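Asker: Contents of protein_18.cif (mmCIF, C-alpha atoms):
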```
data_run
loop_
_atom_site.label_atom_id
_atom_site.label_comp_id
_atom_site.auth_asym_id
_atom_site.auth_seq_id
_atom_site.Cartn_x
_atom_site.Cartn_y
_atom_site.Cartn_z
CA MET A 1 75.75 51.52 127.50
CA ALA A 2 75.67 51.24 123.72
CA ASN A 3 74.45 48.78 121.15
CA ALA A 4 76.68 46.76 118.85
CA THR A 5 75.92 44.24 116.12
CA PHE A 6 77.53 40.81 116.10
CA ARG A 7 77.43 38.80 112.89
CA ILE A 8 77.71 35.22 114.17
CA TRP A 9 77.98 32.13 112.01
CA ARG A 10 75.18 29.65 112.72
CA GLY A 11 74.92 26.15 111.29
CA GLU A 12 76.04 22.54 111.50
CA LYS A 13 78.80 20.55 109.77
CA GLY A 14 79.87 23.51 107.67
CA GLN A 15 76.39 24.25 106.32
CA GLY A 16 74.89 27.51 107.55
CA ALA A 17 75.00 31.29 107.35
CA PHE A 18 75.78 34.42 109.33
CA GLN A 19 73.06 35.88 111.51
CA ASP A 20 73.06 39.39 112.97
CA TYR A 21 72.36 40.06 116.64
CA SER A 22 72.20 43.49 118.26
CA THR A 23 73.08 43.61 121.94
CA GLU A 24 74.06 46.11 124.61
CA VAL A 25 77.76 46.41 125.31
CA SER A 26 79.58 48.19 128.09
CA GLU A 27 83.10 49.13 129.14
CA GLY A 28 85.38 46.19 129.86
CA MET A 29 83.44 43.60 127.87
CA VAL A 30 85.18 41.02 125.69
CA VAL A 31 83.73 39.21 122.68
CA LEU A 32 82.90 36.15 124.77
CA ASP A 33 80.80 38.35 127.10
CA ALA A 34 78.77 39.56 124.14
CA VAL A 35 78.36 36.04 122.74
CA HIS A 36 77.16 34.78 126.13
CA GLN A 37 74.74 37.69 126.40
CA ILE A 38 73.31 36.94 122.97
CA GLN A 39 73.12 33.25 123.88
CA ALA A 40 71.22 34.06 127.08
CA GLN A 41 68.81 36.62 125.62
CA GLN A 42 68.32 35.82 121.93
CA ALA A 43 69.83 32.49 120.84
CA GLY A 44 69.59 29.89 123.59
CA ASP A 45 70.54 27.09 121.19
CA MET A 46 73.79 28.68 120.00
CA ALA A 47 76.80 26.39 120.51
CA VAL A 48 80.02 27.95 121.78
CA ARG A 49 82.99 26.30 123.49
CA TRP A 50 84.60 28.00 126.49
CA ASN A 51 85.88 27.20 129.96
CA CYS A 52 88.14 29.50 131.98
CA LYS A 53 87.43 32.94 130.48
CA ALA A 54 90.96 33.86 131.53
CA GLY A 55 93.00 33.13 128.42
CA LYS A 56 94.49 29.94 129.84
CA CYS A 57 92.34 27.01 128.67
CA GLY A 58 92.39 27.70 124.92
CA SER A 59 88.76 26.64 124.53
CA CYS A 60 87.12 29.75 123.06
CA SER A 61 89.18 30.04 119.88
CA ALA A 62 87.28 31.56 116.97
CA GLU A 63 87.78 33.96 114.08
CA ILE A 64 86.89 37.56 114.92
CA ASN A 65 86.69 39.90 111.96
CA GLY A 66 88.61 37.25 110.01
CA MET A 67 91.48 36.90 112.50
CA PRO A 68 91.98 33.81 114.71
CA LYS A 69 91.70 34.95 118.34
CA LEU A 70 90.55 33.92 121.79
CA MET A 71 87.08 35.38 122.35
CA CYS A 72 87.80 35.85 126.06
CA MET A 73 90.91 37.94 125.37
CA THR A 74 89.51 40.16 122.61
CA ARG A 75 88.22 43.36 124.17
CA LEU A 76 85.39 45.14 122.44
CA ASN A 77 87.18 48.48 122.73
CA SER A 78 89.83 47.07 120.38
CA LEU A 79 87.26 46.51 117.63
CA PRO A 80 85.46 48.96 115.29
CA LEU A 81 81.96 48.61 116.78
CA GLU A 82 80.44 51.00 114.25
CA ARG A 83 80.49 47.96 111.93
CA PRO A 84 79.17 44.43 112.62
CA VAL A 85 81.69 42.26 114.45
CA THR A 86 81.94 38.91 112.65
CA VAL A 87 82.43 35.84 114.80
CA GLU A 88 82.89 32.48 113.09
CA PRO A 89 84.42 29.07 113.82
CA MET A 90 88.05 28.22 113.04
CA LYS A 91 88.36 27.29 109.37
CA ALA A 92 91.18 24.74 109.57
CA PHE A 93 89.03 22.20 111.42
CA PRO A 94 85.69 20.51 110.69
CA ASN A 95 82.70 22.43 111.95
CA ILE A 96 80.45 20.65 114.44
CA ARG A 97 77.90 23.34 115.17
CA ASP A 98 77.87 27.14 115.22
CA LEU A 99 81.20 28.28 116.72
CA VAL A 100 82.34 24.80 117.79
CA THR A 101 84.88 22.87 115.71
CA ASP A 102 86.26 19.35 115.91
CA VAL A 103 89.90 19.70 116.97
CA SER A 104 90.43 16.00 117.77
CA TRP A 105 92.92 15.63 114.89
CA ASN A 106 95.40 17.61 116.95
CA TYR A 107 95.32 15.11 119.81
CA GLN A 108 96.02 12.24 117.44
CA VAL A 109 98.99 14.12 115.99
CA LYS A 110 100.41 14.59 119.47
CA LYS A 111 100.16 10.85 120.21
CA ASN A 112 102.28 10.08 117.15
CA ILE A 113 105.23 12.25 118.22
CA LYS A 114 107.94 10.24 119.95
CA PRO A 115 107.78 10.96 123.69
CA PHE A 116 110.48 12.26 126.00
CA LYS A 117 113.38 9.82 126.39
CA PRO A 118 115.95 10.88 129.01
CA ARG A 119 119.58 9.86 128.98
CA PRO A 120 120.88 7.74 131.89
CA PRO A 121 121.37 9.71 135.14
CA ASP A 122 124.64 11.58 135.48
CA ALA A 123 125.12 10.72 139.14
CA SER A 124 124.83 7.59 141.25
CA ASP A 125 121.88 9.07 143.15
CA GLY A 126 119.80 9.06 139.96
CA THR A 127 120.01 12.78 139.21
CA TRP A 128 121.20 14.77 136.20
CA ARG A 129 123.34 17.84 135.65
CA MET A 130 122.03 20.53 133.34
CA ALA A 131 123.09 24.06 132.44
CA GLN A 132 120.47 26.65 133.37
CA ARG A 133 120.59 28.21 129.90
CA ASP A 134 119.61 24.85 128.37
CA VAL A 135 116.70 24.53 130.80
CA ASP A 136 115.55 28.08 130.09
CA ARG A 137 115.56 27.51 126.33
CA VAL A 138 112.58 25.13 126.37
CA GLN A 139 110.50 26.90 129.04
CA GLU A 140 108.91 29.23 126.49
CA PHE A 141 107.41 26.29 124.60
CA ARG A 142 105.68 25.02 127.75
CA LYS A 143 103.45 28.11 127.85
CA CYS A 144 101.32 26.70 125.01
CA ILE A 145 97.63 26.40 126.01
CA GLU A 146 96.69 24.41 122.88
CA CYS A 147 94.17 26.94 121.65
CA PHE A 148 95.19 25.84 118.13
CA LEU A 149 95.02 29.37 116.76
CA CYS A 150 98.45 28.84 115.21
CA GLN A 151 97.13 25.70 113.53
CA ASP A 152 94.11 27.61 112.27
CA VAL A 153 96.10 30.44 110.70
CA CYS A 154 98.70 28.15 109.09
CA HIS A 155 98.07 28.20 105.33
CA VAL A 156 99.29 24.59 104.92
CA LEU A 157 96.39 23.41 107.10
CA ARG A 158 93.86 26.19 106.52
CA ASP A 159 94.09 26.65 102.76
CA HIS A 160 95.78 23.49 101.46
CA HIS A 161 94.24 20.99 103.93
CA MET A 162 97.45 18.95 104.18
CA GLN A 163 96.71 17.51 107.61
CA ASP A 164 97.86 14.09 106.39
CA GLN A 165 101.34 15.48 105.62
CA PHE A 166 101.94 18.31 108.10
CA ILE A 167 101.63 18.43 111.88
CA GLY A 168 101.37 22.21 112.10
CA PRO A 169 103.13 24.86 114.20
CA ARG A 170 101.68 23.79 117.53
CA PHE A 171 103.29 20.37 117.26
CA LEU A 172 106.53 21.68 115.84
CA VAL A 173 106.69 23.67 119.09
CA TYR A 174 105.95 20.47 121.01
CA ALA A 175 108.66 18.61 119.09
CA ALA A 176 111.09 21.48 119.75
CA ALA A 177 110.36 21.30 123.48
CA LEU A 178 111.43 17.66 123.38
CA GLU A 179 114.31 17.94 120.90
CA MET A 180 115.90 20.85 122.73
CA HIS A 181 115.45 19.43 126.20
CA PRO A 182 118.93 18.95 127.69
CA LEU A 183 118.15 15.41 128.85
CA ASP A 184 116.32 14.08 125.79
CA VAL A 185 118.11 11.55 123.56
CA GLU A 186 115.27 10.46 121.25
CA ASP A 187 115.77 10.97 117.50
CA ARG A 188 112.80 12.69 115.85
CA LEU A 189 114.53 14.28 112.85
CA GLY A 190 113.57 11.53 110.42
CA ASP A 191 109.92 11.84 111.40
CA LEU A 192 110.04 15.64 111.15
CA LYS A 193 111.38 15.38 107.60
CA GLN A 194 109.25 12.50 106.31
CA LYS A 195 106.03 12.03 108.26
CA GLN A 196 105.54 15.43 109.86
CA GLY A 197 106.33 17.67 106.91
CA ILE A 198 108.53 20.34 108.45
CA GLY A 199 109.69 21.24 104.93
CA LEU A 200 106.16 22.44 104.10
CA CYS A 201 106.48 25.37 106.49
CA ASN A 202 107.70 28.45 104.63
CA ILE A 203 108.18 30.50 107.84
CA THR A 204 105.68 33.28 107.15
CA LYS A 205 105.43 33.84 110.93
CA CYS A 206 101.64 34.04 110.82
CA CYS A 207 101.52 31.47 113.63
CA THR A 208 103.75 33.60 115.85
CA LYS A 209 101.53 36.64 115.29
CA VAL A 210 98.34 34.97 116.59
CA CYS A 211 99.83 33.17 119.62
CA PRO A 212 98.07 34.49 122.77
CA GLU A 213 101.04 33.37 124.89
CA SER A 214 103.52 35.29 122.68
CA ILE A 215 105.59 32.17 122.01
CA THR A 216 108.23 32.92 119.37
CA ILE A 217 107.09 29.92 117.36
CA THR A 218 108.92 30.56 114.10
CA ASP A 219 112.28 31.88 115.23
CA ASN A 220 112.78 29.83 118.39
CA ALA A 221 111.11 26.52 117.50
CA ILE A 222 110.53 25.95 113.78
CA ILE A 223 113.71 27.45 112.33
CA PRO A 224 116.04 25.61 114.75
CA LEU A 225 114.25 22.34 113.94
CA LYS A 226 114.60 23.05 110.22
CA GLU A 227 118.31 23.66 110.74
CA ARG A 228 118.71 20.31 112.49
CA VAL A 229 116.91 18.51 109.67
CA VAL A 230 119.04 20.27 107.03
CA ASP A 231 122.24 19.46 108.92
CA ARG A 232 121.27 15.81 109.16
CA PHE A 233 119.89 15.14 105.69
CA PHE A 234 121.23 17.82 103.33
CA ASP A 235 124.65 18.90 104.58
CA PRO A 236 127.17 17.19 102.22
CA LEU A 237 129.95 17.22 104.82
CA ALA A 238 127.72 15.61 107.41
CA LYS A 239 126.69 13.02 104.83
CA LEU A 240 130.33 12.16 104.09
CA PHE A 241 131.05 11.90 107.80
CA ARG A 242 128.19 9.43 108.24
CA ILE A 243 129.39 7.37 105.27
CA PHE A 244 132.96 7.12 106.54
CA SER A 245 131.79 6.51 110.08
CA SER A 246 129.65 3.58 108.96
CA THR A 247 132.37 2.05 106.73
CA GLY A 248 134.93 2.31 109.49
CA ARG A 249 132.98 0.19 111.89
#
```
What's the structure tokens form of this structure?
Answerer:
Amino acid sequence: MANATFRIWRGEKGQGAFQDYSTEVSEGMVVLDAVHQIQAQQAGDMAVRWNCKAGKCGSCSAEINGMPKLMCMTRLNSLPLERPVTVEPMKAFPNIRDLVTDVSWNYQVKKNIKPFKPRPPDASDGTWRMAQRDVDRVQEFRKCIECFLCQDVCHVLRDHHMQDQFIGPRFLVYAAALEMHPLDVEDRLGDLKQKQGIGLCNITKCCTKVCPESITITDNAIIPLKERVVDRFFDPLAKLFRIFSSTGR
């Protein structure tokens, strides 16, 4: 057993300050264990969101020593415990209280993305034919647990607060899962360019680095979507083809 200090942000609606708590820590503990211990022994009114404690619900997202992480997946032996461990709420979303933020904006964004629209069945029995490689391509995107750490680290949302113009990496992954699905025939490229701000992403890969599910967000989702938008709206040959196609009707 040893003691460690946790510098936890306390307050409501963005108004507050850090408060230090010293607590016993032991082998195998994660940050969420320490926060719960402090909550039970020293700060019974501290607000913290969590659910599964298994890295699958995405509820306990916070910033640990300035880095967006899941508290339940951040082991204490990975942190320099000789210094205070800072734990604070995600900065890209409005603070409700202590470590809890209002992430409801994300759910509204998701509602505004055009849903899955399958093509007519390939066979008379109502089934489709798909290549396995096309099915495999979108499986990675389905691992997302909506912890919103990628949203939190994205500078467009975190630093520039452009939530009215940019849907963020999580929902570019969601759009990619739909756009790249071998059965989907919906057209989302106009929305991605105009309403959803894909051009605002400058592919720094910070979102990929914080993903607890190791989804290759930038290379496998965002860049291919950007390429589709460029091909549609900025490729001069494609533009000429569309012009001649429309005049020949």
Asker: Tell me, as a list in words, which residues lie within 12 Å of Trp128 in chain A, counting only C-alpha atoms; anything in the same chain fewer than 2 positions away does not count.
Answerer: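 What passes the distance filter is Pro118, Arg119, Pro120, Pro121, Asp122, Ala123, Ser124, Asp125, Gly126, Met130, Ala131, Pro182, Leu183 and Asp184 of chain A.
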Asker: Applied to the shown file, which residues does the PyMOL selection byres ((chain A and resi 105) around 12) return, written as a count of residues only?
Answerer: 23
Asker: Mind pulling up the distance from CA of Ala4 in chain A to CA of Gln42 in chain A?
Answerer: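 Computing the Euclidean distance for CA of Gln42 in chain A and CA of Ala4 in chain A yields 14.1 Å.
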Asker: Would you tabulate, counting only C-alpha atoms, all residues of range 82-178 of chain A that have an atom at most 12 Å from an atom of range 26-41 of chain A, showing the closest pair of atoms and their distance in Å to one decimal, sorted by chain then ascending number, as JSON lines?
Answerer:
```
{"residue": "A:Val85", "atom": "CA", "partner": "A:Val31", "partner_atom": "CA", "distance": 9.0}
{"residue": "A:Thr86", "atom": "CA", "partner": "A:Val31", "partner_atom": "CA", "distance": 10.2}
{"residue": "A:Val87", "atom": "CA", "partner": "A:Val31", "partner_atom": "CA", "distance": 8.7}
{"residue": "A:Glu88", "atom": "CA", "partner": "A:Val35", "partner_atom": "CA", "distance": 11.2}
{"residue": "A:Asp98", "atom": "CA", "partner": "A:Gln39", "partner_atom": "CA", "distance": 11.6}
{"residue": "A:Leu99", "atom": "CA", "partner": "A:Val35", "partner_atom": "CA", "distance": 10.2}
```
Asker: Give me the result of the PyMOL selection byres ((chain A and resi 54) around 12) on this file, residue by residue, as a PDB file with C-alpha atoms, in the frame of the given file.
Answerer:
```pdb
ATOM      1  CA  VAL A  30      85.180  41.020 125.690  1.00  0.00           C
ATOM      2  CA  LEU A  32      82.900  36.150 124.770  1.00  0.00           C
ATOM      3  CA  ASP A  33      80.800  38.350 127.100  1.00  0.00           C
ATOM      4  CA  TRP A  50      84.600  28.000 126.490  1.00  0.00           C
ATOM      5  CA  ASN A  51      85.880  27.200 129.960  1.00  0.00           C
ATOM      6  CA  CYS A  52      88.140  29.500 131.980  1.00  0.00           C
ATOM      7  CA  LYS A  53      87.430  32.940 130.480  1.00  0.00           C
ATOM      8  CA  GLY A  55      93.000  33.130 128.420  1.00  0.00           C
ATOM      9  CA  LYS A  56      94.490  29.940 129.840  1.00  0.00           C
ATOM     10  CA  CYS A  57      92.340  27.010 128.670  1.00  0.00           C
ATOM     11  CA  GLY A  58      92.390  27.700 124.920  1.00  0.00           C
ATOM     12  CA  SER A  59      88.760  26.640 124.530  1.00  0.00           C
ATOM     13  CA  CYS A  60      87.120  29.750 123.060  1.00  0.00           C
ATOM     14  CA  LEU A  70      90.550  33.920 121.790  1.00  0.00           C
ATOM     15  CA  MET A  71      87.080  35.380 122.350  1.00  0.00           C
ATOM     16  CA  CYS A  72      87.800  35.850 126.060  1.00  0.00           C
ATOM     17  CA  MET A  73      90.910  37.940 125.370  1.00  0.00           C
ATOM     18  CA  THR A  74      89.510  40.160 122.610  1.00  0.00           C
ATOM     19  CA  ILE A 145      97.630  26.400 126.010  1.00  0.00           C
ATOM     20  CA  PRO A 212      98.070  34.490 122.770  1.00  0.00           C
TER      21      PRO A 212
END
```
Asker: Using all atoms listed in the file, pick whichever of A:Cys144, A:Val230, A:Ile222, A:Val138 has the shortest atom-to-atom distance to Cys201 in chain A.
Answerer: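 Checking each of A:Cys144, A:Val230, A:Ile222, A:Val138 against Cys201 in chain A, counting all atoms listed in the file, the winner is A:Ile222.
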Asker: Since the input has fewer atoms than a full residue there, write range 135-146 of chain A out with N, CA, C and O atoms, as a CSV table (one decimal), keeping the file's coordinate frame.
Answerer:
```
chain,number,residue,atom,x,y,z
A,135,VAL,N,118.0,24.7,130.2
A,135,VAL,CA,116.7,24.5,130.8
A,135,VAL,C,115.8,25.7,130.4
A,135,VAL,O,114.6,25.5,130.0
A,136,ASP,N,116.3,26.9,130.4
A,136,ASP,CA,115.6,28.1,130.1
A,136,ASP,C,115.1,28.1,128.6
A,136,ASP,O,114.0,28.6,128.3
A,137,ARG,N,115.9,27.5,127.8
A,137,ARG,CA,115.6,27.5,126.3
A,137,ARG,C,114.2,26.9,126.0
A,137,ARG,O,113.5,27.4,125.1
A,138,VAL,N,113.8,25.8,126.7
A,138,VAL,CA,112.6,25.1,126.4
A,138,VAL,C,111.4,25.6,127.2
A,138,VAL,O,110.3,25.2,126.9
A,139,GLN,N,111.6,26.5,128.2
A,139,GLN,CA,110.5,26.9,129.0
A,139,GLN,C,109.4,27.7,128.3
A,139,GLN,O,108.2,27.6,128.5
A,140,GLU,N,109.9,28.5,127.3
A,140,GLU,CA,108.9,29.2,126.5
A,140,GLU,C,107.9,28.3,125.8
A,140,GLU,O,106.7,28.7,125.8
A,141,PHE,N,108.3,27.2,125.3
A,141,PHE,CA,107.4,26.3,124.6
A,141,PHE,C,106.3,25.7,125.5
A,141,PHE,O,105.3,25.3,125.0
A,142,ARG,N,106.6,25.6,126.8
A,142,ARG,CA,105.7,25.0,127.8
A,142,ARG,C,104.5,26.0,128.1
A,142,ARG,O,103.6,25.6,128.8
A,143,LYS,N,104.6,27.2,127.6
A,143,LYS,CA,103.4,28.1,127.8
A,143,LYS,C,102.2,27.8,127.0
A,143,LYS,O,101.2,28.4,127.2
A,144,CYS,N,102.4,27.0,126.0
A,144,CYS,CA,101.3,26.7,125.0
A,144,CYS,C,100.1,26.2,125.7
A,144,CYS,O,100.1,25.3,126.5
A,145,ILE,N,98.9,26.8,125.4
A,145,ILE,CA,97.6,26.4,126.0
A,145,ILE,C,96.8,25.6,125.0
A,145,ILE,O,95.6,25.2,125.3
A,146,GLU,N,97.4,25.2,123.9
A,146,GLU,CA,96.7,24.4,122.9
A,146,GLU,C,95.3,25.0,122.5
A,146,GLU,O,94.3,24.3,122.5
```
